[in-house]
Each structure stands twice: as C-alpha cells, then as structure tokens.
>>> print(open('input.pdb').read())   # PDB, C-alpha atoms
ATOM      1  CA  MET A   1     -22.488 157.416-102.167  1.00  0.00           C
ATOM      2  CA  HIS A   2     -20.333 158.375 -99.179  1.00  0.00           C
ATOM      3  CA  ILE A   3     -16.588 158.569 -99.708  1.00  0.00           C
ATOM      4  CA  VAL A   4     -14.743 156.778 -96.915  1.00  0.00           C
ATOM      5  CA  TYR A   5     -11.041 157.219 -96.174  1.00  0.00           C
ATOM      6  CA  ILE A   6      -9.819 154.274 -94.115  1.00  0.00           C
ATOM      7  CA  ASP A   7      -6.683 153.511 -92.132  1.00  0.00           C
ATOM      8  CA  ALA A   8      -4.934 150.124 -92.044  1.00  0.00           C
ATOM      9  CA  SER A   9      -6.008 148.875 -88.626  1.00  0.00           C
ATOM     10  CA  SER A  10      -9.662 149.646 -89.376  1.00  0.00           C
ATOM     11  CA  ALA A  11      -9.454 148.035 -92.821  1.00  0.00           C
ATOM     12  CA  ILE A  12      -7.866 144.866 -91.428  1.00  0.00           C
ATOM     13  CA  LEU A  13     -10.425 144.677 -88.637  1.00  0.00           C
ATOM     14  CA  LEU A  14     -13.297 145.042 -91.113  1.00  0.00           C
ATOM     15  CA  TYR A  15     -11.661 142.424 -93.354  1.00  0.00           C
ATOM     16  CA  LYS A  16     -11.294 139.946 -90.470  1.00  0.00           C
ATOM     17  CA  THR A  17     -14.950 140.408 -89.503  1.00  0.00           C
ATOM     18  CA  GLY A  18     -16.236 140.042 -93.063  1.00  0.00           C
ATOM     19  CA  LEU A  19     -17.476 143.641 -93.215  1.00  0.00           C
ATOM     20  CA  PHE A  20     -15.001 145.285 -95.596  1.00  0.00           C
ATOM     21  CA  ASP A  21     -16.408 143.699 -98.745  1.00  0.00           C
ATOM     22  CA  LEU A  22     -19.930 144.681 -97.662  1.00  0.00           C
ATOM     23  CA  CYS A  23     -18.780 148.258 -97.050  1.00  0.00           C
ATOM     24  CA  THR A  24     -17.483 148.504-100.619  1.00  0.00           C
ATOM     25  CA  GLN A  25     -21.040 147.967-101.846  1.00  0.00           C
ATOM     26  CA  TYR A  26     -22.367 151.026 -99.992  1.00  0.00           C
ATOM     27  CA  PHE A  27     -19.346 153.300 -99.616  1.00  0.00           C
ATOM     28  CA  TYR A  28     -16.696 154.493-102.048  1.00  0.00           C
ATOM     29  CA  MET A  29     -13.636 153.223-100.152  1.00  0.00           C
ATOM     30  CA  ILE A  30     -10.309 155.046-100.465  1.00  0.00           C
ATOM     31  CA  MET A  31      -6.994 154.053 -98.947  1.00  0.00           C
ATOM     32  CA  GLU A  32      -3.942 156.317 -98.952  1.00  0.00           C
ATOM     33  CA  THR A  33      -0.904 154.794-100.686  1.00  0.00           C
ATOM     34  CA  CYS A  34       1.155 154.305 -97.510  1.00  0.00           C
ATOM     35  CA  VAL A  35      -1.869 152.664 -95.827  1.00  0.00           C
ATOM     36  CA  TYR A  36      -2.245 150.321 -98.783  1.00  0.00           C
ATOM     37  CA  LYS A  37       1.436 149.361 -98.394  1.00  0.00           C
ATOM     38  CA  GLU A  38       0.691 148.497 -94.737  1.00  0.00           C
ATOM     39  CA  VAL A  39      -2.075 146.073 -95.724  1.00  0.00           C
ATOM     40  CA  GLN A  40       0.022 144.565 -98.541  1.00  0.00           C
ATOM     41  CA  VAL A  41       2.676 142.961 -96.335  1.00  0.00           C
ATOM     42  CA  PRO A  42       3.157 139.462 -97.802  1.00  0.00           C
ATOM     43  CA  ASP A  43       1.716 136.624 -95.733  1.00  0.00           C
ATOM     44  CA  HIS A  44      -0.273 139.028 -93.532  1.00  0.00           C
ATOM     45  CA  PRO A  45      -4.042 138.712 -93.170  1.00  0.00           C
ATOM     46  CA  GLY A  46      -5.884 140.383 -96.022  1.00  0.00           C
ATOM     47  CA  ALA A  47      -2.960 141.184 -98.340  1.00  0.00           C
ATOM     48  CA  ASN A  48      -4.463 139.268-101.283  1.00  0.00           C
ATOM     49  CA  PHE A  49      -7.960 140.442-100.370  1.00  0.00           C
ATOM     50  CA  PHE A  50      -7.066 144.141-100.543  1.00  0.00           C
ATOM     51  CA  LEU A  51      -5.208 143.600-103.816  1.00  0.00           C
ATOM     52  CA  SER A  52      -8.353 141.979-105.240  1.00  0.00           C
ATOM     53  CA  MET A  53     -10.490 144.885-103.973  1.00  0.00           C
ATOM     54  CA  VAL A  54      -8.314 147.291-105.982  1.00  0.00           C
ATOM     55  CA  GLN A  55      -8.278 145.035-109.042  1.00  0.00           C
ATOM     56  CA  LYS A  56     -12.094 144.773-108.951  1.00  0.00           C
ATOM     57  CA  ASN A  57     -12.400 148.576-108.516  1.00  0.00           C
ATOM     58  CA  ARG A  58     -14.105 148.062-105.157  1.00  0.00           C
ATOM     59  CA  MET A  59     -11.495 150.245-103.467  1.00  0.00           C
ATOM     60  CA  LYS A  60      -9.262 153.044-104.720  1.00  0.00           C
ATOM     61  CA  VAL A  61      -5.705 153.807-103.654  1.00  0.00           C
ATOM     62  CA  CYS A  62      -4.722 157.493-103.745  1.00  0.00           C
ATOM     63  CA  SER A  63      -1.712 159.497-102.662  1.00  0.00           C
ATOM     64  CA  SER A  64      -1.987 162.659-100.674  1.00  0.00           C
ATOM     65  CA  ASN A  65      -0.456 165.605-102.512  1.00  0.00           C
ATOM     66  CA  PRO A  66       2.698 166.834-100.740  1.00  0.00           C
ATOM     67  CA  ASP A  67       2.543 170.058-102.786  1.00  0.00           C
ATOM     68  CA  ASP A  68      -0.937 170.836-101.481  1.00  0.00           C
ATOM     69  CA  LEU A  69       0.040 172.350 -98.170  1.00  0.00           C
ATOM     70  CA  ILE A  70      -2.741 172.199 -95.653  1.00  0.00           C
ATOM     71  CA  ASP A  71      -2.600 173.800 -92.261  1.00  0.00           C
ATOM     72  CA  ILE A  72      -4.014 171.125 -89.983  1.00  0.00           C
ATOM     73  CA  ASN A  73      -1.196 170.831 -87.434  1.00  0.00           C
ATOM     74  CA  LEU A  74      -1.109 167.044 -87.127  1.00  0.00           C
ATOM     75  CA  PRO A  75       0.609 165.702 -84.013  1.00  0.00           C
ATOM     76  CA  GLU A  76       4.021 164.177 -84.671  1.00  0.00           C
ATOM     77  CA  SER A  77       2.991 161.166 -82.585  1.00  0.00           C
ATOM     78  CA  LEU A  78       0.531 159.962 -85.245  1.00  0.00           C
ATOM     79  CA  ASP A  79       1.636 156.957 -87.264  1.00  0.00           C
ATOM     80  CA  LEU A  80       2.241 157.615 -90.943  1.00  0.00           C
ATOM     81  CA  GLY A  81      -0.889 155.748 -92.078  1.00  0.00           C
ATOM     82  CA  GLU A  82      -3.257 157.672 -89.827  1.00  0.00           C
ATOM     83  CA  ARG A  83      -1.482 160.919 -90.649  1.00  0.00           C
ATOM     84  CA  GLN A  84      -1.734 160.409 -94.416  1.00  0.00           C
ATOM     85  CA  THR A  85      -5.357 159.237 -94.186  1.00  0.00           C
ATOM     86  CA  ILE A  86      -6.297 162.475 -92.428  1.00  0.00           C
ATOM     87  CA  VAL A  87      -4.245 164.559 -94.880  1.00  0.00           C
ATOM     88  CA  LEU A  88      -5.882 162.831 -97.861  1.00  0.00           C
ATOM     89  CA  TYR A  89      -9.321 163.486 -96.389  1.00  0.00           C
ATOM     90  CA  CYS A  90      -8.498 167.154 -95.758  1.00  0.00           C
ATOM     91  CA  GLN A  91      -7.128 167.601 -99.277  1.00  0.00           C
ATOM     92  CA  ASN A  92     -10.121 165.992-100.978  1.00  0.00           C
ATOM     93  CA  ALA A  93     -13.243 166.384 -98.831  1.00  0.00           C
ATOM     94  CA  CYS A  94     -15.923 168.251-100.721  1.00  0.00           C
ATOM     95  CA  PRO A  95     -18.845 169.979 -98.977  1.00  0.00           C
ATOM     96  CA  ASN A  96     -21.459 168.607-101.371  1.00  0.00           C
ATOM     97  CA  GLN A  97     -20.195 165.001-101.242  1.00  0.00           C
ATOM     98  CA  PRO A  98     -20.643 163.140 -97.935  1.00  0.00           C
ATOM     99  CA  SER A  99     -17.338 161.768 -96.729  1.00  0.00           C
ATOM    100  CA  PHE A 100     -15.696 160.622 -93.526  1.00  0.00           C
ATOM    101  CA  ILE A 101     -12.786 158.690 -92.067  1.00  0.00           C
ATOM    102  CA  ILE A 102     -12.793 155.248 -90.454  1.00  0.00           C
ATOM    103  CA  ILE A 103      -9.939 155.292 -87.969  1.00  0.00           C
ATOM    104  CA  ASP A 104      -9.242 153.139 -84.921  1.00  0.00           C
ATOM    105  CA  ASP A 105      -6.174 154.950 -83.668  1.00  0.00           C
ATOM    106  CA  ALA A 106      -7.004 156.866 -80.465  1.00  0.00           C
ATOM    107  CA  LYS A 107      -4.659 159.780 -81.241  1.00  0.00           C
ATOM    108  CA  GLY A 108      -6.041 160.061 -84.760  1.00  0.00           C
ATOM    109  CA  ALA A 109      -9.631 159.926 -83.488  1.00  0.00           C
ATOM    110  CA  LYS A 110      -8.915 162.654 -80.933  1.00  0.00           C
ATOM    111  CA  PHE A 111      -7.400 164.833 -83.648  1.00  0.00           C
ATOM    112  CA  CYS A 112     -10.463 164.317 -85.861  1.00  0.00           C
ATOM    113  CA  LEU A 113     -12.750 165.163 -82.940  1.00  0.00           C
ATOM    114  CA  ARG A 114     -10.870 168.379 -82.152  1.00  0.00           C
ATOM    115  CA  GLY A 115     -10.696 169.324 -85.840  1.00  0.00           C
ATOM    116  CA  LYS A 116     -14.372 168.558 -86.466  1.00  0.00           C
ATOM    117  CA  ILE A 117     -13.450 165.953 -89.080  1.00  0.00           C
ATOM    118  CA  PRO A 118     -16.238 163.382 -89.395  1.00  0.00           C
ATOM    119  CA  PHE A 119     -14.995 159.948 -88.357  1.00  0.00           C
ATOM    120  CA  ILE A 120     -16.076 156.656 -86.869  1.00  0.00           C
ATOM    121  CA  ASN A 121     -14.202 153.585 -85.727  1.00  0.00           C
ATOM    122  CA  ALA A 122     -14.710 150.060 -87.100  1.00  0.00           C
ATOM    123  CA  LEU A 123     -16.857 149.220 -84.078  1.00  0.00           C
ATOM    124  CA  LEU A 124     -19.602 151.501 -85.410  1.00  0.00           C
ATOM    125  CA  VAL A 125     -19.715 149.984 -88.894  1.00  0.00           C
ATOM    126  CA  PRO A 126     -22.151 147.147 -88.009  1.00  0.00           C
ATOM    127  CA  LYS A 127     -24.464 149.645 -86.289  1.00  0.00           C
ATOM    128  CA  ILE A 128     -24.414 151.990 -89.263  1.00  0.00           C
ATOM    129  CA  LEU A 129     -25.167 149.108 -91.632  1.00  0.00           C
ATOM    130  CA  TRP A 130     -28.011 147.997 -89.364  1.00  0.00           C
ATOM    131  CA  PHE A 131     -29.475 151.514 -89.232  1.00  0.00           C
ATOM    132  CA  ALA A 132     -29.292 151.579 -93.055  1.00  0.00           C
ATOM    133  CA  GLY A 133     -31.282 148.332 -93.258  1.00  0.00           C
ATOM    134  CA  ILE A 134     -28.317 146.456 -94.753  1.00  0.00           C
ATOM    135  CA  LEU A 135     -27.749 144.166 -91.759  1.00  0.00           C
ATOM    136  CA  ASN A 136     -30.575 142.628 -89.772  1.00  0.00           C
ATOM    137  CA  LYS A 137     -30.522 142.960 -85.990  1.00  0.00           C
ATOM    138  CA  ASN A 138     -29.001 139.510 -85.362  1.00  0.00           C
ATOM    139  CA  ASP A 139     -26.206 140.118 -87.882  1.00  0.00           C
ATOM    140  CA  TYR A 140     -25.586 143.548 -86.331  1.00  0.00           C
ATOM    141  CA  ILE A 141     -25.284 141.975 -82.867  1.00  0.00           C
ATOM    142  CA  ASP A 142     -23.037 139.154 -84.119  1.00  0.00           C
ATOM    143  CA  LYS A 143     -20.754 141.440 -86.164  1.00  0.00           C
ATOM    144  CA  THR A 144     -20.474 143.936 -83.305  1.00  0.00           C
ATOM    145  CA  ALA A 145     -19.477 141.128 -80.927  1.00  0.00           C
ATOM    146  CA  LEU A 146     -16.872 139.956 -83.438  1.00  0.00           C
ATOM    147  CA  VAL A 147     -15.421 143.461 -83.874  1.00  0.00           C
ATOM    148  CA  ILE A 148     -15.180 143.770 -80.074  1.00  0.00           C
ATOM    149  CA  GLU A 149     -13.546 140.326 -79.802  1.00  0.00           C
ATOM    150  CA  ILE A 150     -10.936 141.026 -82.485  1.00  0.00           C
ATOM    151  CA  GLY A 151     -10.444 144.766 -81.888  1.00  0.00           C
ATOM    152  CA  ARG A 152      -8.880 146.524 -78.932  1.00  0.00           C
ATOM    153  CA  TYR A 153     -11.635 148.743 -77.556  1.00  0.00           C
ATOM    154  CA  SER A 154     -11.893 150.043 -74.032  1.00  0.00           C
ATOM    155  CA  ARG A 155     -15.069 149.509 -72.066  1.00  0.00           C
ATOM    156  CA  THR A 156     -15.724 153.266 -72.377  1.00  0.00           C
ATOM    157  CA  VAL A 157     -15.508 153.204 -76.189  1.00  0.00           C
ATOM    158  CA  ILE A 158     -17.781 150.145 -76.348  1.00  0.00           C
ATOM    159  CA  GLU A 159     -20.376 151.789 -74.084  1.00  0.00           C
ATOM    160  CA  LYS A 160     -20.283 155.051 -76.061  1.00  0.00           C
ATOM    161  CA  ALA A 161     -20.763 153.112 -79.299  1.00  0.00           C
ATOM    162  CA  ARG A 162     -23.725 151.207 -77.843  1.00  0.00           C
ATOM    163  CA  ALA A 163     -25.383 154.452 -76.736  1.00  0.00           C
ATOM    164  CA  LEU A 164     -25.275 156.151 -80.164  1.00  0.00           C
ATOM    165  CA  SER A 165     -28.603 156.457 -81.950  1.00  0.00           C
ATOM    166  CA  SER A 166     -29.423 156.618 -85.640  1.00  0.00           C
ATOM    167  CA  SER A 167     -29.744 160.392 -85.358  1.00  0.00           C
ATOM    168  CA  ASP A 168     -26.257 160.576 -83.765  1.00  0.00           C
ATOM    169  CA  LEU A 169     -24.856 158.629 -86.713  1.00  0.00           C
ATOM    170  CA  ALA A 170     -27.071 160.025 -89.487  1.00  0.00           C
ATOM    171  CA  ILE A 171     -24.210 161.599 -91.474  1.00  0.00           C
ATOM    172  CA  PHE A 172     -22.533 158.179 -91.785  1.00  0.00           C
ATOM    173  CA  ILE A 173     -25.558 156.075 -92.787  1.00  0.00           C
ATOM    174  CA  PRO A 174     -25.560 155.134 -96.466  1.00  0.00           C
ATOM    175  CA  ASP A 175     -28.632 155.058 -98.622  1.00  0.00           C
ATOM    176  CA  GLU A 176     -29.441 151.421 -99.291  1.00  0.00           C
ATOM    177  CA  THR A 177     -28.906 150.653-102.968  1.00  0.00           C
TER     178      THR A 177
END
>>> encode(input="input.pdb", output="structure tokens")
Amino acid sequence: MHIVYIDASSAILLYKTGLFDLCTQYFYMIMETCVYKEVQVPDHPGANFFLSMVQKNRMKVCSSNPDDLIDINLPESLDLGERQTIVLYCQNACPNQPSFIIIDDAKGAKFCLRGKIPFINALLVPKILWFAGILNKNDYIDKTALVIEIGRYSRTVIEKARALSSSDLAIFIPDET
C-alpha cells in the first residue's frame, strides 16, 4: 500500500468532494501534526471527520523529527503545514515502500518538482482512482468536475492534469484491494 503524506488544503478538498474516505481504503494516509491541527479548527468543515479518521485508524498523525536534520533547503515562503509535510516525507520515505505527497500549494509543488519528490495535487486523485479501477468513468468525470469547482486550479493546471496518462501516473496508482 502506498504511503501518502497530505497537506491541509488537499485533505479538506478531498473531504469536501467525498474522496478522502475512499483514499483511506487504498492508501496509508499520514498527516503531520501541525497539518492535523489546521484541519481540527472547531466548526470548520471536516474537523469531526478527520478526528474520526484518526480514531478509526484510517489516518495516522505523525510529527516530523526536529532532531533529524535534513538538508532540503525549503523556501521560507512555504506555509508551516506544507513545510512540515515535505519534511515528514523526506524523513520517512523508504525506497522499497511507494510513497508520495498530495499537496495543492503551488510553492510546495514547485519545490517537490525541483527536488524530485513524488507528488500530485487533489485534482489528480479521481484520475488515479479511475486508472486503478476504483472509480468508474462517470464517477471519475463527476469527481474531477467537483474538485475543479471547489478547488482553485488555473486553466493550465487543469489542462496538464487532463493530459496525463496512466503511464505518467503509474507510480501513484494503487493496487485495487
């Protein structure tokens, strides 16, 4: 099973589109402690949902290790949640265990791209689930439209996502269980 490190904006977007719970069935979802605090703001969408995901062991909350110094040169402009998600990934990624980050922050995505850290945004989740045979084509189309409607994606990002093939996304596609 893939290990997925997720930031707050991506998690909330997947929650609002009904995809987060589905993801927990095919991915081992991990949220950094400060990210979890972001999604636990009382009276905000998903706060009780994410608490229940932890209580049901459908998602794990982990802290990055401040004593484990890693030399990744993160930009100061990154928000704490994106920063700690990337740090947690870098501290824990294992070459023989497929893992990646789901991040919707443009600066964080650019850093991952430059650093060759595998990542996707929430917009690609329906496509990946469709390629895995988990969603049918109509559900893929509907969920993608919903992610676009709720999310804040540029036309360029949407077009790039539409153009990606199953071979382009192979490292992110879970084995159907």
>>> residues_around(input="input.pdb", residues="Ser165 of chain A", least_positions_apart="5", cutoff="12 Å", atoms="all atoms listed in the file", output="count of residues only")
10
>>> residues_near_point(input="input.pdb", point="(-8.3, 144.1, -105.4)", cutoff="12 Å", atoms="all atoms listed in the file", output="ChimeraX atom specification")
/A:20-21,24,29,31,36,39-40,46-61
>>> closest_residue(input="input.pdb", among="A:Ser77, A:Ser64, A:Thr85, A:Ser166", to="Ile103 of chain A", atoms="all atoms listed in the file")
A:Thr85
>>> closest_residue(input="input.pdb", among="A:Ile102, A:Leu129, A:Val41, A:Val87", to="Ile3 of chain A", atoms="all atoms listed in the file")
A:Ile102
>>> resolve_selection(input="input.pdb", expression="the PyMOL selection byres ((chain A and resi 107-122) around 10)", output="VMD selection string")
chain A and resid 4 to 7 9 to 14 17 19 to 20 72 to 75 77 to 79 81 to 83 85 to 86 89 to 90 93 98 to 106 123 to 128 144 147 to 148 151 153 157 161 169 171 to 172
>>> closest_residue(input="input.pdb", among="A:Asn96, A:Ser154, A:Thr33, A:Gln84", to="Cys62 of chain A", atoms="all atoms listed in the file")
A:Thr33
>>> axis_aligned_box(input="input.pdb", around="segment 163-171 of chain A", padding_each_side="5 Å", output="AutoDock Vina command-line options")
--center_x -27.0 --center_y 158.0 --center_z -84.1 --size_x 15.5 --size_y 17.1 --size_z 24.7
>>> atom_distance(input="input.pdb", atom1="atom CA of Gln25 of chain A", atom2="atom CA of His44 of chain A")
24.1 Å
>>> atom_distance(input="input.pdb", atom1="atom CA of Pro45 of chain A", atom2="atom CA of Tyr15 of chain A")
8.5 Å
>>> closest_residue(input="input.pdb", among="A:Pro95, A:Pro42, A:Pro174, A:Gly18", to="Asp139 of chain A", atoms="all atoms listed in the file")
A:Gly18
>>> atom_distance(input="input.pdb", atom1="atom CA of Leu88 of chain A", atom2="atom CA of Tyr28 of chain A")
14.3 Å
